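Colleague: Provided herewith: upload.cif, mmCIF, C-alpha atoms.
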```cif
data_work
#
loop_
_atom_site.group_PDB
_atom_site.id
_atom_site.type_symbol
_atom_site.label_atom_id
_atom_site.label_comp_id
_atom_site.auth_asym_id
_atom_site.auth_seq_id
_atom_site.Cartn_x
_atom_site.Cartn_y
_atom_site.Cartn_z
ATOM 1 C CA MET A 1 -21.772 21.597 10.247
ATOM 2 C CA GLY A 2 -24.756 19.511 9.189
ATOM 3 C CA THR A 3 -26.620 16.538 10.592
ATOM 4 C CA PHE A 4 -26.898 13.380 8.498
ATOM 5 C CA VAL A 5 -28.587 10.012 8.952
ATOM 6 C CA THR A 6 -26.830 7.095 7.282
ATOM 7 C CA ARG A 7 -28.399 3.765 6.440
ATOM 8 C CA HIS A 8 -26.307 0.763 5.439
ATOM 9 C CA GLU A 9 -27.843 -2.561 4.458
ATOM 10 C CA HIS A 10 -26.053 -5.796 3.592
ATOM 11 C CA ASP A 11 -26.843 -9.481 3.114
ATOM 12 C CA ALA A 12 -26.162 -12.110 5.753
ATOM 13 C CA GLU A 13 -23.291 -13.410 3.603
ATOM 14 C CA THR A 14 -21.451 -10.075 3.723
ATOM 15 C CA CYS A 15 -22.214 -9.264 7.379
ATOM 16 C CA PRO A 16 -19.026 -7.914 8.996
ATOM 17 C CA ALA A 17 -20.192 -8.929 12.479
ATOM 18 C CA GLY A 18 -19.777 -12.588 11.502
ATOM 19 C CA HIS A 19 -16.056 -12.111 10.792
ATOM 20 C CA PRO A 20 -13.933 -11.259 13.856
ATOM 21 C CA GLU A 21 -11.391 -9.173 11.927
ATOM 22 C CA MET A 22 -13.990 -7.285 9.892
ATOM 23 C CA GLY A 23 -16.156 -6.658 12.954
ATOM 24 C CA GLN A 24 -13.254 -5.132 14.863
ATOM 25 C CA MET A 25 -12.272 -3.058 11.826
ATOM 26 C CA LEU A 26 -15.867 -1.778 11.618
ATOM 27 C CA LEU A 27 -15.888 -0.774 15.291
ATOM 28 C CA GLN A 28 -12.570 1.034 14.867
ATOM 29 C CA MET A 29 -13.826 2.819 11.771
ATOM 30 C CA ILE A 30 -16.962 4.213 13.462
ATOM 31 C CA SER A 31 -15.167 5.082 16.709
ATOM 32 C CA GLY A 32 -15.329 8.680 17.829
ATOM 33 C CA GLU A 33 -11.554 9.002 17.582
ATOM 34 C CA ASN A 34 -11.465 7.844 13.954
ATOM 35 C CA ALA A 35 -14.535 9.833 12.910
ATOM 36 C CA SER A 36 -13.105 13.025 14.407
ATOM 37 C CA LYS A 37 -10.113 12.754 12.057
ATOM 38 C CA MET A 38 -12.563 13.528 9.237
ATOM 39 C CA GLY A 39 -14.394 16.222 11.182
ATOM 40 C CA ILE A 40 -17.305 13.886 11.949
ATOM 41 C CA LYS A 41 -19.035 13.380 15.273
ATOM 42 C CA VAL A 42 -21.039 10.173 15.600
ATOM 43 C CA GLN A 43 -24.162 11.004 17.624
ATOM 44 C CA GLY A 44 -25.428 7.422 17.723
ATOM 45 C CA ASP A 45 -25.705 4.122 15.902
ATOM 46 C CA ALA A 46 -28.124 1.218 15.839
ATOM 47 C CA VAL A 47 -28.680 -2.048 14.017
ATOM 48 C CA VAL A 48 -32.334 -2.544 13.125
ATOM 49 C CA GLY A 49 -33.989 -5.710 11.859
ATOM 50 C CA GLY A 50 -30.875 -7.770 11.346
ATOM 51 C CA HIS A 51 -28.612 -6.357 8.662
ATOM 52 C CA THR A 52 -29.562 -2.685 8.562
ATOM 53 C CA PHE A 53 -27.205 -0.240 10.306
ATOM 54 C CA TYR A 54 -28.064 3.404 11.026
ATOM 55 C CA MET A 55 -25.894 6.249 12.268
ATOM 56 C CA ILE A 56 -26.629 9.869 13.071
ATOM 57 C CA VAL A 57 -23.558 12.000 12.446
ATOM 58 C CA ASP A 58 -22.626 15.661 12.417
ATOM 59 C CA ALA A 59 -20.261 16.498 9.575
ATOM 60 C CA PRO A 60 -19.031 19.470 7.538
ATOM 61 C CA ASN A 61 -20.837 18.267 4.385
ATOM 62 C CA MET A 62 -22.359 15.324 2.496
ATOM 63 C CA GLU A 63 -19.109 14.552 0.639
ATOM 64 C CA ILE A 64 -17.219 13.933 3.901
ATOM 65 C CA VAL A 65 -19.962 11.536 5.041
ATOM 66 C CA GLN A 66 -19.747 9.721 1.671
ATOM 67 C CA GLN A 67 -15.997 9.261 2.197
ATOM 68 C CA PHE A 68 -16.537 8.078 5.772
ATOM 69 C CA MET A 69 -19.155 5.533 4.659
ATOM 70 C CA GLY A 70 -17.115 4.394 1.639
ATOM 71 C CA PRO A 71 -15.971 1.051 3.134
ATOM 72 C CA PHE A 72 -19.612 0.093 3.766
ATOM 73 C CA THR A 73 -20.351 0.275 0.033
ATOM 74 C CA GLN A 74 -18.135 -2.805 -0.449
ATOM 75 C CA MET A 75 -20.538 -4.884 1.680
ATOM 76 C CA GLY A 76 -23.889 -3.443 0.661
ATOM 77 C CA THR A 77 -25.778 -0.265 -0.047
ATOM 78 C CA VAL A 78 -25.424 3.077 1.702
ATOM 79 C CA GLU A 79 -27.945 5.882 1.871
ATOM 80 C CA ILE A 80 -27.048 9.252 3.377
ATOM 81 C CA MET A 81 -29.812 11.682 4.210
ATOM 82 C CA GLU A 82 -29.323 15.289 5.189
ATOM 83 C CA ALA A 83 -31.381 15.887 8.321
ATOM 84 C CA ARG A 84 -32.493 18.566 10.729
ATOM 85 C CA THR A 85 -32.938 18.372 14.461
ATOM 86 C CA CYS A 86 -36.402 18.823 15.924
ATOM 87 C CA THR A 87 -35.219 22.135 17.407
ATOM 88 C CA GLN A 88 -34.215 23.376 13.948
ATOM 89 C CA VAL A 89 -37.560 22.344 12.438
ATOM 90 C CA VAL A 90 -39.580 24.088 15.166
ATOM 91 C CA ALA A 91 -37.450 27.241 14.871
ATOM 92 C CA ARG A 92 -38.010 27.203 11.102
ATOM 93 C CA GLY A 93 -41.755 26.724 11.503
ATOM 94 C CA ASN A 94 -42.102 23.630 9.280
ATOM 95 C CA CYS A 95 -40.493 20.312 8.502
ATOM 96 C CA GLY A 96 -39.955 21.047 4.839
ATOM 97 C CA PRO A 97 -38.351 18.519 2.504
ATOM 98 C CA THR A 98 -34.967 16.977 3.171
ATOM 99 C CA ALA A 99 -32.464 18.861 1.057
ATOM 100 C CA ASN A 100 -30.138 16.069 0.056
ATOM 101 C CA ILE A 101 -30.222 12.256 -0.219
ATOM 102 C CA TRP A 102 -27.395 10.174 -1.662
ATOM 103 C CA THR A 103 -27.598 6.437 -2.427
ATOM 104 C CA SER A 104 -24.614 4.303 -3.336
ATOM 105 C CA PRO A 105 -24.685 1.946 -6.295
ATOM 106 C CA THR A 106 -25.463 -1.672 -5.390
ATOM 107 C CA PRO A 107 -22.184 -3.619 -5.061
ATOM 108 C CA ALA A 108 -21.421 -6.139 -7.789
#
```
Could you write out this structure as structure tokens?
Modeller:
Amino acid sequence: MGTFVTRHEHDAETCPAGHPEMGQMLLQMISGENASKMGIKVQGDAVVGGHTFYMIVDAPNMEIVQQFMGPFTQMGTVEIMEARTCTQVVARGNCGPTANIWTSPTPA
């Protein structure tokens, strides 16, 4: 099980919060119940600066997180960063580089 930070950014025109059906679908998609079906645990989420959405998730691997974040790539870009907890970094003795970063193509 790994820890990942996801970052999704979209334009105001494609913002799902502005569409009642899309907003509800988004909330259902990131719900703990839905995420657990893919072996993912959502640790937290936040919207920062308008149209940038972050999540911290625990998941079996990067590929599962890519699948989970797939619908977001239709509205904007997605970046998934493999992360470590502060406890892991201290136990290791250094921060070291992040092992894996994935960025989706920009939607057409």
Colleague: Applying the PyMOL selection byres ((chain A and resi 69-83) around 7) to the file I just gave you, which residues come out? Please list them as number ranges by chain.
Modeller: A: 3-10, 14, 65-68, 84-85, 98-107
Colleague: Nearest residue to Cys15 in chain A out of A:Asn61, A:Gln88, A:Ser31, A:Thr52, using all atoms listed in the file?
Modeller: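 Distance minimum relative to Cys15 in chain A lands on A:Thr52.
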Colleague: Could you list, as a list in words, every residue matched by the PyMOL selection byres ((chain A and resi 41) around 7) in this structure?
Modeller: Gly32, Ala35, Ser36, Gly39, Ile40, Val42, Gln43, Val57, Asp58 and Ala59 of chain A
Colleague: Can you work out the spacing between CA of His51 in chain A and CA of Asp11 in chain A in Å, to one decimal?
Modeller: 6.6 Å
